[in-house]
file structure.txt (compact mmCIF, C-alpha atoms and all ligand atoms)
# COMPACT_ATOMS: atom_id res chain seq x y z
CA ALA A 1 -7.79 29.25 -1.09
CA ALA A 2 -4.22 28.72 0.11
CA ALA A 3 -1.58 28.13 -2.60
CA PRO A 4 -0.86 24.42 -3.12
CA LYS A 5 2.08 23.18 -1.07
CA PRO A 6 5.20 22.44 -3.12
CA LEU A 7 6.58 18.91 -3.45
CA PRO A 8 9.25 18.11 -0.84
CA GLY A 9 12.81 17.96 -2.19
CA TYR A 10 13.22 14.17 -2.12
CA ALA A 11 10.07 13.89 -4.26
CA GLY A 12 10.68 16.98 -6.38
CA TRP A 13 10.89 14.81 -9.51
CA LYS A 14 7.24 13.76 -9.17
CA SER A 15 4.29 15.06 -11.23
CA ALA A 16 2.96 17.91 -9.10
CA ASN A 17 -0.32 18.00 -11.06
CA ALA A 18 -1.09 14.38 -10.22
CA LEU A 19 -0.52 14.74 -6.48
CA ILE A 20 -2.12 16.30 -3.43
CA VAL A 21 0.59 17.47 -1.02
CA HIS A 22 -0.83 16.89 2.47
CA SER A 23 2.57 17.49 4.08
CA GLY A 24 6.26 17.01 3.36
CA SER A 25 5.89 13.32 4.21
CA THR A 26 2.43 12.55 2.79
CA LEU A 27 1.66 12.88 -0.94
CA GLU A 28 -1.59 11.48 -2.37
CA THR A 29 -2.36 10.55 -5.97
CA ARG A 30 -5.36 12.47 -7.34
CA ARG A 31 -8.29 10.18 -8.06
CA ALA A 32 -8.57 11.55 -11.61
CA ALA A 33 -4.86 10.80 -12.21
CA PHE A 34 -5.09 7.01 -11.84
CA GLY A 35 -5.78 6.31 -15.49
CA THR A 36 -6.78 2.93 -16.86
CA SER A 37 -3.57 1.14 -17.80
CA VAL A 38 -2.91 -0.83 -14.60
CA ILE A 39 0.54 0.41 -13.57
CA THR A 40 0.85 3.58 -11.51
CA PRO A 41 3.74 5.63 -12.92
CA SER A 42 6.37 6.30 -10.25
CA GLY A 43 5.94 10.05 -10.72
CA GLN A 44 2.30 9.76 -9.66
CA LEU A 45 2.67 7.22 -6.85
CA TYR A 46 1.75 8.33 -3.31
CA VAL A 47 4.38 8.75 -0.60
CA ARG A 48 4.11 8.19 3.12
CA ASN A 49 7.06 8.61 5.47
CA ASN A 50 6.75 8.08 9.21
CA LEU A 51 10.20 9.62 9.74
CA PRO A 52 12.07 12.16 7.61
CA ALA A 53 13.42 10.49 4.45
CA PRO A 54 17.13 9.59 4.67
CA ASP A 55 19.75 11.65 2.87
CA ALA A 56 19.92 11.00 -0.88
CA ALA A 57 23.60 10.13 -0.33
CA ILE A 58 22.47 6.58 0.53
CA LEU A 59 21.84 6.11 -3.21
CA GLU A 60 25.36 7.09 -4.25
CA ASN A 61 26.65 3.53 -4.12
CA ARG A 62 23.57 1.34 -4.27
CA ASP A 63 25.45 -1.95 -4.51
CA ALA A 64 27.27 -1.19 -1.25
CA TRP A 65 24.04 -0.90 0.76
CA SER A 66 23.97 -3.67 3.33
CA VAL A 67 21.24 -5.54 5.12
CA ALA A 68 21.65 -7.77 8.16
CA ILE A 69 19.83 -11.09 7.92
CA GLU A 70 19.12 -12.59 11.36
CA GLY A 71 17.20 -15.55 12.69
CA VAL A 72 18.68 -17.92 10.12
CA LYS A 73 21.17 -20.76 10.66
CA SER A 74 24.09 -18.63 9.39
CA PRO A 75 23.22 -14.97 10.07
CA ARG A 76 25.13 -12.52 7.86
CA THR A 77 25.18 -9.00 6.59
CA LEU A 78 24.83 -8.97 2.82
CA THR A 79 25.46 -6.15 0.39
CA LEU A 80 23.02 -5.38 -2.39
CA ALA A 81 25.66 -6.62 -4.84
CA GLU A 82 25.68 -9.99 -3.03
CA LEU A 83 21.87 -10.15 -2.91
CA LYS A 84 21.80 -9.77 -6.68
CA THR A 85 23.68 -13.06 -7.03
CA LEU A 86 21.12 -15.03 -5.01
CA GLY A 87 18.05 -14.84 -7.23
CA LEU A 88 15.69 -12.65 -9.20
CA GLU A 89 11.94 -12.28 -9.24
CA THR A 90 9.50 -9.65 -10.46
CA VAL A 91 6.11 -9.10 -8.88
CA ALA A 92 3.34 -6.54 -9.37
CA THR A 93 1.65 -5.48 -6.14
CA VAL A 94 -0.86 -3.00 -4.86
CA LEU A 95 1.01 -0.73 -2.47
CA GLN A 96 -1.61 0.83 -0.26
CA CYS A 97 -1.35 2.75 3.00
CA SER A 98 -3.43 1.13 5.71
CA GLY A 99 -4.96 4.59 6.26
CA ASN A 100 -6.18 4.93 2.66
CA GLY A 101 -9.86 5.92 2.91
CA ARG A 102 -9.41 7.45 6.37
CA GLY A 103 -10.80 10.71 4.97
CA PHE A 104 -14.22 9.04 4.67
CA PHE A 105 -14.49 8.23 8.40
CA PRO A 106 -17.02 10.63 9.98
CA SER A 107 -15.13 10.18 13.27
CA LYS A 108 -12.19 12.13 11.74
CA PRO A 109 -9.41 9.90 13.10
CA SER A 110 -6.06 11.60 13.53
CA GLY A 111 -3.67 11.00 10.65
CA THR A 112 -3.70 11.93 6.98
CA PRO A 113 -7.28 12.13 5.58
CA TRP A 114 -6.46 10.11 2.45
CA THR A 115 -9.43 9.32 0.22
CA VAL A 116 -8.38 6.84 -2.51
CA GLY A 117 -4.94 8.04 -3.53
CA ALA A 118 -2.67 6.45 -0.91
CA ALA A 119 -2.40 3.46 -3.23
CA GLY A 120 -0.88 2.38 -6.50
CA CYS A 121 -0.05 -0.72 -8.50
CA VAL A 122 3.67 -1.10 -9.08
CA VAL A 123 6.13 -3.66 -10.40
CA TRP A 124 9.09 -4.63 -8.21
CA SER A 125 12.22 -6.60 -9.01
CA GLY A 126 14.47 -8.15 -6.43
CA VAL A 127 15.51 -11.36 -4.77
CA PRO A 128 12.95 -13.67 -3.15
CA LEU A 129 13.41 -13.63 0.61
CA ARG A 130 13.19 -17.43 0.69
CA ALA A 131 16.24 -17.61 -1.62
CA VAL A 132 18.19 -15.46 0.84
CA VAL A 133 17.10 -17.71 3.71
CA ALA A 134 18.11 -20.82 1.78
CA ALA A 135 21.54 -19.32 1.05
CA LEU A 136 22.04 -18.73 4.78
CA GLY A 137 21.28 -22.28 5.84
CA GLY A 138 17.54 -22.00 6.40
CA LEU A 139 15.52 -20.58 9.29
CA ALA A 140 16.70 -20.87 12.87
CA ASP A 141 14.30 -22.83 15.07
CA GLY A 142 11.21 -21.31 16.63
CA MET A 143 10.74 -18.30 14.40
CA ALA A 144 7.20 -16.99 13.83
CA TYR A 145 7.61 -13.54 12.23
CA VAL A 146 9.54 -11.70 9.55
CA THR A 147 10.68 -8.42 11.09
CA GLY A 148 11.96 -5.63 8.84
CA THR A 149 13.77 -2.53 10.09
CA GLY A 150 13.94 0.80 8.26
CA GLY A 151 17.29 2.51 7.75
CA GLU A 152 16.36 6.04 8.77
CA LYS A 153 18.60 8.00 11.12
CA LEU A 154 16.67 8.25 14.36
CA PRO A 155 16.13 11.57 16.10
CA GLU A 156 18.30 11.98 19.19
CA GLY A 157 17.08 12.21 22.77
CA VAL A 158 14.09 9.91 22.33
CA ASP A 159 13.60 6.22 23.00
CA PRO A 160 14.56 4.58 19.67
CA LEU A 161 11.68 2.10 19.98
CA SER A 162 9.23 5.00 20.05
CA VAL A 163 10.21 6.14 16.53
CA LEU A 164 11.93 3.22 14.79
CA VAL A 165 10.07 1.99 11.68
CA GLU A 166 10.14 -1.75 12.36
CA ARG A 167 7.29 -4.11 11.50
CA SER A 168 6.69 -7.81 11.92
CA VAL A 169 4.52 -9.91 9.64
CA PRO A 170 3.60 -13.59 10.08
CA LEU A 171 6.27 -16.00 8.84
CA LYS A 172 4.04 -17.27 6.01
CA ALA A 173 4.49 -13.88 4.30
CA MET A 174 8.05 -14.98 3.55
CA ASP A 175 6.80 -17.16 0.69
CA ASP A 176 5.94 -14.10 -1.41
CA ALA A 177 8.24 -11.41 0.04
CA ILE A 178 11.11 -9.99 -1.95
CA LEU A 179 13.99 -7.63 -1.25
CA ALA A 180 13.49 -5.18 -4.11
CA TRP A 181 15.96 -2.76 -5.70
CA GLU A 182 13.93 -1.84 -8.78
CA MET A 183 10.44 -0.37 -9.24
CA ASN A 184 8.58 0.14 -12.52
CA GLY A 185 11.74 -0.58 -14.50
CA GLU A 186 14.00 1.88 -12.69
CA PRO A 187 16.39 1.74 -9.76
CA LEU A 188 14.23 2.17 -6.64
CA PRO A 189 13.86 5.91 -5.89
CA LEU A 190 14.68 7.18 -2.40
CA ALA A 191 11.04 8.24 -1.91
CA HIS A 192 9.98 4.61 -2.26
CA GLY A 193 12.73 3.03 -0.21
CA GLY A 194 15.83 2.90 -2.38
CA PRO A 195 18.37 1.37 -2.43
CA LEU A 196 16.52 -1.67 -0.99
CA ARG A 197 12.98 -2.37 0.20
CA LEU A 198 11.25 -5.30 1.84
CA VAL A 199 8.13 -5.86 -0.27
CA VAL A 200 5.43 -8.01 1.32
CA PRO A 201 2.84 -8.66 -1.42
CA GLY A 202 -0.77 -8.44 -0.28
CA TYR A 203 0.08 -6.70 2.99
CA GLN A 204 -0.80 -3.11 3.95
CA GLY A 205 1.73 -0.43 3.02
CA VAL A 206 3.33 -0.02 6.42
CA ASN A 207 4.72 -3.55 6.30
CA ASN A 208 6.77 -2.77 3.17
CA ILE A 209 9.90 -1.46 4.87
CA LYS A 210 11.88 1.14 2.93
CA TYR A 211 15.69 1.50 3.02
CA VAL A 212 15.63 -1.82 4.80
CA LYS A 213 18.76 -2.42 6.89
CA ARG A 214 17.77 -5.53 8.79
CA VAL A 215 15.50 -8.49 8.12
CA ALA A 216 15.17 -10.72 11.16
CA PHE A 217 13.22 -13.91 11.62
CA THR A 218 11.97 -13.57 15.16
CA PRO A 219 9.94 -15.61 17.66
CA ALA A 220 7.92 -12.53 18.68
CA GLN A 221 6.70 -9.26 17.15
CA SER A 222 8.92 -6.18 17.21
CA GLN A 223 8.84 -4.15 20.40
CA ALA A 224 8.79 -0.90 18.39
CA ARG A 225 5.85 1.36 19.11
CA ILE A 226 4.77 1.29 15.44
CA MET A 227 4.22 -2.47 15.89
CA GLN A 228 2.95 -2.73 19.45
CA HIS A 229 0.59 0.26 19.54
CA GLY A 230 0.56 1.74 16.05
CA TYR A 231 -1.47 0.32 13.17
CA ARG A 232 -3.85 -1.73 15.29
CA MET A 233 -7.55 -2.22 14.50
CA SER A 234 -8.66 -0.66 17.79
CA PRO A 235 -12.44 -0.71 18.29
CA PRO A 236 -14.02 2.74 18.87
CA GLY A 237 -13.43 4.04 22.37
CA THR A 238 -10.47 1.75 23.05
CA LYS A 239 -6.75 2.47 23.29
CA ALA A 240 -4.43 0.82 20.80
CA SER A 241 -2.90 -2.30 22.28
CA PRO A 242 -0.89 -5.31 21.11
CA ASP A 243 -3.81 -7.71 21.59
CA GLN A 244 -5.81 -6.01 18.81
CA PRO A 245 -5.32 -7.14 15.19
CA SER A 246 -2.40 -5.52 13.39
CA VAL A 247 -2.84 -4.14 9.87
CA TRP A 248 -1.42 -7.04 7.90
CA GLU A 249 -3.19 -8.55 4.90
CA MET A 250 -5.28 -6.23 2.76
CA THR A 251 -8.87 -7.24 2.04
CA VAL A 252 -11.02 -7.00 -1.08
CA LYS A 253 -11.60 -3.45 -2.29
CA SER A 254 -12.44 -1.44 -5.38
CA TRP A 255 -13.28 2.11 -6.34
CA ILE A 256 -14.30 4.08 -9.39
CA ASN A 257 -11.79 6.44 -10.99
CA GLY A 258 -14.06 7.80 -13.71
CA PRO A 259 -16.28 9.48 -14.48
CA LEU A 260 -15.70 11.79 -11.51
CA PRO A 261 -17.50 14.99 -10.48
CA GLU A 262 -14.21 16.93 -10.66
CA GLN A 263 -14.07 16.16 -14.40
CA GLY A 264 -17.09 18.42 -14.94
CA PRO A 265 -20.71 17.76 -15.89
CA LEU A 266 -21.35 14.78 -18.16
CA LYS A 267 -23.31 14.73 -21.39
CA ALA A 268 -26.31 12.40 -21.52
CA GLY A 269 -25.39 9.12 -23.19
CA VAL A 270 -23.02 6.27 -22.58
CA ALA A 271 -20.29 6.66 -19.95
CA GLN A 272 -17.52 4.12 -19.45
CA VAL A 273 -17.50 3.64 -15.68
CA HIS A 274 -14.01 2.42 -14.77
CA GLY A 275 -11.89 1.82 -11.72
CA VAL A 276 -9.56 -0.56 -9.89
CA ALA A 277 -10.17 -3.68 -7.82
CA PHE A 278 -7.88 -5.92 -5.78
CA GLY A 279 -8.19 -8.74 -3.30
CA GLY A 280 -5.16 -8.39 -1.02
CA THR A 281 -3.68 -11.87 -1.12
CA HIS A 282 -6.50 -13.33 -3.26
CA PRO A 283 -7.11 -12.61 -6.94
CA VAL A 284 -10.13 -10.50 -7.87
CA LYS A 285 -12.93 -12.62 -9.22
CA GLY A 286 -15.31 -9.93 -10.37
CA VAL A 287 -16.59 -6.40 -9.92
CA GLU A 288 -20.15 -5.11 -9.97
CA VAL A 289 -21.12 -1.53 -10.67
CA SER A 290 -24.19 0.33 -9.49
CA VAL A 291 -25.48 3.60 -10.92
CA ASP A 292 -28.22 3.97 -8.32
CA GLY A 293 -26.19 4.12 -5.11
CA GLY A 294 -26.16 0.37 -4.55
CA LYS A 295 -29.82 -0.53 -5.10
CA THR A 296 -29.06 -2.58 -8.21
CA TRP A 297 -25.79 -3.98 -9.55
CA GLN A 298 -24.44 -5.07 -12.93
CA ALA A 299 -21.33 -7.15 -13.63
CA ALA A 300 -18.46 -5.03 -14.95
CA GLN A 301 -15.76 -6.39 -17.22
CA LEU A 302 -12.16 -6.81 -16.07
CA VAL A 303 -9.89 -5.11 -18.60
CA GLY A 304 -6.18 -4.97 -19.27
CA PRO A 305 -3.42 -7.43 -18.44
CA ASP A 306 -3.69 -9.61 -15.35
CA LEU A 307 -0.41 -9.02 -13.52
CA GLY A 308 -1.08 -11.65 -10.88
CA ARG A 309 -2.99 -11.97 -7.64
CA PHE A 310 -1.24 -9.10 -5.84
CA ALA A 311 -1.86 -6.54 -8.59
CA TRP A 312 -5.07 -4.65 -9.11
CA ARG A 313 -7.37 -5.20 -12.06
CA GLN A 314 -8.97 -2.42 -14.03
CA PHE A 315 -12.69 -2.80 -14.63
CA VAL A 316 -15.20 -1.08 -16.90
CA LEU A 317 -18.94 -1.01 -17.39
CA PRO A 318 -20.55 1.07 -20.15
CA VAL A 319 -23.74 2.63 -18.77
CA ARG A 320 -26.32 4.92 -20.30
CA LEU A 321 -26.84 7.94 -18.07
CA GLY A 322 -29.78 10.33 -18.50
CA ALA A 323 -30.14 13.87 -17.17
CA GLY A 324 -29.93 14.10 -13.38
CA THR A 325 -27.74 12.96 -10.54
CA HIS A 326 -26.27 9.46 -10.36
CA VAL A 327 -24.50 7.73 -7.51
CA LEU A 328 -21.86 5.38 -8.97
CA ALA A 329 -20.49 2.59 -6.81
CA SER A 330 -18.36 -0.51 -7.31
CA ARG A 331 -18.20 -3.72 -5.32
CA ALA A 332 -15.50 -6.36 -5.80
CA THR A 333 -15.44 -10.08 -4.97
CA ASP A 334 -12.29 -12.17 -4.57
CA THR A 335 -11.75 -15.81 -5.50
CA ALA A 336 -12.09 -16.84 -1.84
CA GLY A 337 -15.69 -15.57 -1.98
CA ASN A 338 -15.14 -12.41 0.07
CA VAL A 339 -17.38 -9.55 -1.05
CA GLN A 340 -16.41 -5.92 -0.51
CA ALA A 341 -18.55 -4.69 2.39
CA GLU A 342 -20.97 -1.79 2.25
CA GLN A 343 -19.74 -0.32 5.53
CA ARG A 344 -16.29 0.40 6.88
CA GLU A 345 -15.13 -1.39 10.02
CA GLU A 346 -15.05 1.42 12.57
CA ASN A 347 -11.69 1.74 14.31
CA VAL A 348 -9.83 4.48 16.12
CA GLY A 349 -6.97 4.83 13.62
CA GLY A 350 -9.13 4.98 10.52
CA TYR A 351 -7.47 1.94 8.96
CA ASN A 352 -8.51 -0.48 6.23
CA ASN A 353 -11.52 1.37 4.85
CA THR A 354 -12.93 -0.94 2.18
CA SER A 355 -16.53 0.35 2.28
CA TRP A 356 -18.07 0.51 -1.19
CA SER A 357 -20.53 3.07 0.05
CA ASP A 358 -17.78 5.45 1.26
CA HIS A 359 -16.06 5.17 -2.13
CA ALA A 360 -19.15 5.91 -4.24
CA VAL A 361 -19.09 9.05 -6.41
CA THR A 362 -21.95 11.34 -7.38
CA VAL A 363 -21.97 12.66 -10.96
CA THR A 364 -24.36 15.02 -12.65
CA VAL A 365 -25.59 14.79 -16.22
CA ALA A 366 -26.58 18.19 -17.57
N1 LIG B 401 9.47 2.24 5.64
C1 LIG B 401 10.30 3.07 6.31
N2 LIG B 401 11.59 2.73 6.48
N3 LIG B 401 9.89 4.27 6.83
C2 LIG B 401 8.56 4.65 6.71
O1 LIG B 401 8.23 5.71 7.18
N4 LIG B 401 6.31 4.08 5.95
C3 LIG B 401 5.44 2.96 5.66
C4 LIG B 401 5.99 2.07 4.55
N5 LIG B 401 7.37 1.72 4.79
C5 LIG B 401 7.66 3.77 6.06
C6 LIG B 401 8.19 2.57 5.51
C7 LIG B 401 4.07 3.37 5.30
S1 LIG B 401 2.97 3.73 6.57
C8 LIG B 401 3.62 3.30 4.02
S2 LIG B 401 1.95 3.50 3.68
C9 LIG B 401 4.51 2.92 2.89
O2 LIG B 401 5.87 2.76 3.33
C10 LIG B 401 4.48 4.04 1.86
O3 LIG B 401 5.31 3.71 0.79
P1 LIG B 401 5.59 4.75 -0.36
O4 LIG B 401 6.63 4.15 -1.22
O5 LIG B 401 4.32 4.98 -1.13
O6 LIG B 401 6.02 6.07 0.28
MO1 LIG B 401 0.90 3.58 5.66
O7 LIG B 401 0.25 1.94 6.05
call {"tool": "encode", "arguments": {"input": "structure.txt", "output": "structure tokens"}}
result
Amino acid sequence: AAAPKPLPGYAGWKSANALIVHSGSTLETRRAAFGTSVITPSGQLYVRNNLPAPDAAILENRDAWSVAIEGVKSPRTLTLAELKTLGLETVATVLQCSGNGRGFFPSKPSGTPWTVGAAGCVVWSGVPLRAVVAALGGLADGMAYVTGTGGEKLPEGVDPLSVLVERSVPLKAMDDAILAWEMNGEPLPLAHGGPLRLVVPGYQGVNNIKYVKRVAFTPAQSQARIMQHGYRMSPPGTKASPDQPSVWEMTVKSWINGPLPEQGPLKAGVAQVHGVAFGGTHPVKGVEVSVDGGKTWQAAQLVGPDLGRFAWRQFVLPVRLGAGTHVLASRATDTAGNVQAEQREENVGGYNNTSWSDHAVTVTVA
């Protein structure tokens, strides 16, 4: 086998043992590294960059970082120091790449073949976006989207709109969005969007704009390629187009993080089947576990602190496993009554895989 790829420089501080290095811009958390204590440590959190990460020099004077706020009555460019005077909120969210689970699509869509590890549950601190809007006189008339723009330097000689990381989410997302400068109790690392990130709780990873340099309230969606043609739920055999649904809100999902086949053969007896479950913008109501590949289900118990509707919950079910092979699956339900589906929704990009069947694991008891 080829030697494992080293961590890229901007993420060199991360725990190499906990991560799969797909490329210099895609790092995945190992399934066995998730643990059971809710928060994903920053050193184990996945990374996905659509463009090369900016120079670490942008962290030298964090408070001087500035963000342009447009589409409000009194548009202004604010520094991070100024933002810090406008309000403070802390929120735990599941940060999950819309392509998490792509590796389970038999159609082998292009893009990173993530299985479960392009996700984590992290705590952000920052200023509520609505407080910033209020400070700038409220929204201008006719706005329908919140559009965030990444602060990367764009490659030269190409149409900026073809590479710019700029995403629009429906205006209602403003109610929960924050401009965050802290993650898991530390100043936001460059790898995760420091000095400042637009965090849109409950929305797929791509909408959480790192090194955000502009937040605009706009009447229409961004013209950037990543918005118009990227990240669309394109039915099989179609070309991505702006009339197909964009990857916005996440939907109910769970998976088992232990026991796992890579942890070696199990001894006969009781195993604590555990994993994570989340409902996107709805709280998780419950999780069921199956040890027979989905023929029968038993209610698992939610464990650990409830960090709010955007965080994931850990679940556990003690099960007695005899000698042989067992297919372990989990299926979550949210408070709106949505039940995690058995099958993935087929789509060209391999997005939003919430299939409980794809996420099942097979373990052997010796
Ligand atoms: N932002 C920016 N600025 N840039 C880039 O590239 N990416 C996306 C987000 N944001 C980007 C941004 C994606 S795509 C994702 S997932 C996320 O981010 C990730 O994060 P982290 O922190 O983990 O790295 Mo898929 O849907």
call {"tool": "residues_around", "arguments": {"input": "structure.txt", "residues": "Val252 of chain A", "least_positions_apart": "5", "cutoff": "8 Å", "atoms": "only C-alpha atoms", "output": "list in words"}}
result
Ala277, Phe278, Gly279, Gly280, Val284, Ala332, Thr333, Asp334, Asn338, Val339, Gln340 and Thr354 of chain A
call {"tool": "atom_distance", "arguments": {"input": "structure.txt", "atom1": "atom CA of Arg62 of chain A", "atom2": "atom CA of Pro195 of chain A"}}
result
5.5 Å
call {"tool": "residues_around", "arguments": {"input": "structure.txt", "residues": "Ala360 of chain A", "least_positions_apart": "3", "cutoff": "7 Å", "atoms": "all atoms listed in the file", "output": "VMD selection string"}}
result
chain A and resid 327 to 329 356 to 357
call {"tool": "residues_around", "arguments": {"input": "structure.txt", "residues": "Gln314 of chain A", "least_positions_apart": "6", "cutoff": "12 Å", "atoms": "all atoms listed in the file", "output": "number ranges by chain"}}
result
A: 34-40, 121, 254-258, 273-278, 284-287, 300-307, 330, 332
call {"tool": "atom_distance", "arguments": {"input": "structure.txt", "atom1": "atom CA of Ala366 of chain A", "atom2": "atom CA of Gly117 of chain A"}}
result
27.7 Å
call {"tool": "residues_near_ligand", "arguments": {"input": "structure.txt", "ligand": "ligand LIG 401 (chain B)", "cutoff": "8 Å", "atoms": "all atoms listed in the file", "output": "ChimeraX atom specification"}}
result
/A:26,45-53,95-100,118-120,149-152,165-166,191-193,197,204-212,231,247
call {"tool": "write_last_selection", "arguments": {"input": "structure.txt", "atoms": "C-alpha atoms", "output": "JSON list (two decimals), in the coordinates of the input"}}
result
[["chain", "number", "residue", "atom", "x", "y", "z"],
["A", 26, "THR", "CA", 2.43, 12.55, 2.79],
["A", 45, "LEU", "CA", 2.67, 7.22, -6.85],
["A", 46, "TYR", "CA", 1.75, 8.33, -3.31],
["A", 47, "VAL", "CA", 4.38, 8.75, -0.60],
["A", 48, "ARG", "CA", 4.11, 8.19, 3.12],
["A", 49, "ASN", "CA", 7.06, 8.61, 5.47],
["A", 50, "ASN", "CA", 6.75, 8.08, 9.21],
["A", 51, "LEU", "CA", 10.20, 9.62, 9.74],
["A", 52, "PRO", "CA", 12.07, 12.16, 7.61],
["A", 53, "ALA", "CA", 13.42, 10.49, 4.45],
["A", 95, "LEU", "CA", 1.01, -0.73, -2.47],
["A", 96, "GLN", "CA", -1.61, 0.83, -0.26],
["A", 97, "CYS", "CA", -1.35, 2.75, 3.00],
["A", 98, "SER", "CA", -3.43, 1.13, 5.71],
["A", 99, "GLY", "CA", -4.96, 4.59, 6.26],
["A", 100, "ASN", "CA", -6.18, 4.93, 2.66],
["A", 118, "ALA", "CA", -2.67, 6.45, -0.91],
["A", 119, "ALA", "CA", -2.40, 3.46, -3.23],
["A", 120, "GLY", "CA", -0.88, 2.38, -6.50],
["A", 149, "THR", "CA", 13.77, -2.53, 10.09],
["A", 150, "GLY", "CA", 13.94, 0.80, 8.26],
["A", 151, "GLY", "CA", 17.29, 2.51, 7.75],
["A", 152, "GLU", "CA", 16.36, 6.04, 8.77],
["A", 165, "VAL", "CA", 10.07, 1.99, 11.68],
["A", 166, "GLU", "CA", 10.14, -1.75, 12.36],
["A", 191, "ALA", "CA", 11.04, 8.24, -1.91],
["A", 192, "HIS", "CA", 9.98, 4.61, -2.26],
["A", 193, "GLY", "CA", 12.73, 3.03, -0.21],
["A", 197, "ARG", "CA", 12.98, -2.37, 0.20],
["A", 204, "GLN", "CA", -0.80, -3.11, 3.95],
["A", 205, "GLY", "CA", 1.73, -0.43, 3.02],
["A", 206, "VAL", "CA", 3.33, -0.02, 6.42],
["A", 207, "ASN", "CA", 4.72, -3.55, 6.30],
["A", 208, "ASN", "CA", 6.77, -2.77, 3.17],
["A", 209, "ILE", "CA", 9.90, -1.46, 4.87],
["A", 210, "LYS", "CA", 11.88, 1.14, 2.93],
["A", 211, "TYR", "CA", 15.69, 1.50, 3.02],
["A", 212, "VAL", "CA", 15.63, -1.82, 4.80],
["A", 231, "TYR", "CA", -1.47, 0.32, 13.17],
["A", 247, "VAL", "CA", -2.84, -4.14, 9.87]]
call {"tool": "atom_distance", "arguments": {"input": "structure.txt", "atom1": "atom CA of Gly138 of chain A", "atom2": "atom CA of Glu70 of chain A"}}
result
10.8 Å
call {"tool": "closest_residue", "arguments": {"input": "structure.txt", "among": "A:Val199, A:Pro187, A:Arg167, A:His326", "to": "Val127 of chain A", "atoms": "only C-alpha atoms"}}
result
A:Val199
call {"tool": "closest_residue", "arguments": {"input": "structure.txt", "among": "A:Gln244, A:Asn61, A:Asp292, A:Lys253", "to": "Gly101 of chain A", "atoms": "all atoms listed in the file"}}
result
A:Lys253
call {"tool": "closest_residue", "arguments": {"input": "structure.txt", "among": "A:Pro54, A:Pro283, A:Gly87, A:Pro219", "to": "Thr251 of chain A", "atoms": "only C-alpha atoms"}}
result
A:Pro283
call {"tool": "closest_residue", "arguments": {"input": "structure.txt", "among": "A:Val91, A:Met250, A:Leu129, A:Val348", "to": "His229 of chain A", "atoms": "only C-alpha atoms"}}
result
A:Val348
call {"tool": "residues_around", "arguments": {"input": "structure.txt", "residues": "Gly322 of chain A", "least_positions_apart": "3", "cutoff": "10 Å", "atoms": "all atoms listed in the file", "output": "MDAnalysis selection string"}}
result
chainID A and resid 266:270 319 325:326 364:366
call {"tool": "residues_around", "arguments": {"input": "structure.txt", "residues": "Leu88 of chain A", "least_positions_apart": "2", "cutoff": "9 Å", "atoms": "only C-alpha atoms", "output": "PyMOL selection string"}}
result
chain A and resi 84-86+90+125-128+178
call {"tool": "decode", "arguments": {"input": "structure.txt", "residues": "segment 77-88 of chain A", "atoms": "N, CA and C atoms", "output": "PDB file, in the first residue's frame"}}
result
ATOM      1  N   THR A  77     -18.520  48.611   5.855  1.00  0.00           N
ATOM      2  CA  THR A  77     -17.511  47.592   6.093  1.00  0.00           C
ATOM      3  C   THR A  77     -17.136  47.664   7.560  1.00  0.00           C
ATOM      4  N   LEU A  78     -17.231  46.507   8.235  1.00  0.00           N
ATOM      5  CA  LEU A  78     -16.967  46.459   9.669  1.00  0.00           C
ATOM      6  C   LEU A  78     -15.729  45.617   9.935  1.00  0.00           C
ATOM      7  N   THR A  79     -14.948  46.038  10.907  1.00  0.00           N
ATOM      8  CA  THR A  79     -13.816  45.192  11.308  1.00  0.00           C
ATOM      9  C   THR A  79     -14.320  44.160  12.311  1.00  0.00           C
ATOM     10  N   LEU A  80     -13.507  43.143  12.523  1.00  0.00           N
ATOM     11  CA  LEU A  80     -13.855  42.131  13.519  1.00  0.00           C
ATOM     12  C   LEU A  80     -13.955  42.777  14.899  1.00  0.00           C
ATOM     13  N   ALA A  81     -13.079  43.734  15.173  1.00  0.00           N
ATOM     14  CA  ALA A  81     -13.152  44.445  16.464  1.00  0.00           C
ATOM     15  C   ALA A  81     -14.507  45.118  16.620  1.00  0.00           C
ATOM     16  N   GLU A  82     -15.015  45.734  15.559  1.00  0.00           N
ATOM     17  CA  GLU A  82     -16.331  46.392  15.632  1.00  0.00           C
ATOM     18  C   GLU A  82     -17.455  45.368  15.791  1.00  0.00           C
ATOM     19  N   LEU A  83     -17.337  44.245  15.068  1.00  0.00           N
ATOM     20  CA  LEU A  83     -18.372  43.210  15.183  1.00  0.00           C
ATOM     21  C   LEU A  83     -18.520  42.746  16.625  1.00  0.00           C
ATOM     22  N   LYS A  84     -17.381  42.659  17.309  1.00  0.00           N
ATOM     23  CA  LYS A  84     -17.394  42.156  18.686  1.00  0.00           C
ATOM     24  C   LYS A  84     -18.168  43.068  19.640  1.00  0.00           C
ATOM     25  N   THR A  85     -18.416  44.309  19.222  1.00  0.00           N
ATOM     26  CA  THR A  85     -19.190  45.215  20.084  1.00  0.00           C
ATOM     27  C   THR A  85     -20.693  45.086  19.851  1.00  0.00           C
ATOM     28  N   LEU A  86     -21.088  44.340  18.825  1.00  0.00           N
ATOM     29  CA  LEU A  86     -22.503  44.340  18.420  1.00  0.00           C
ATOM     30  C   LEU A  86     -23.334  43.226  19.050  1.00  0.00           C
ATOM     31  N   GLY A  87     -22.675  42.207  19.601  1.00  0.00           N
ATOM     32  CA  GLY A  87     -23.456  41.125  20.193  1.00  0.00           C
ATOM     33  C   GLY A  87     -22.609  39.886  20.332  1.00  0.00           C
ATOM     34  N   LEU A  88     -23.149  38.906  21.042  1.00  0.00           N
ATOM     35  CA  LEU A  88     -22.412  37.661  21.263  1.00  0.00           C
ATOM     36  C   LEU A  88     -23.393  36.517  21.432  1.00  0.00           C
TER      37      LEU A  88
END
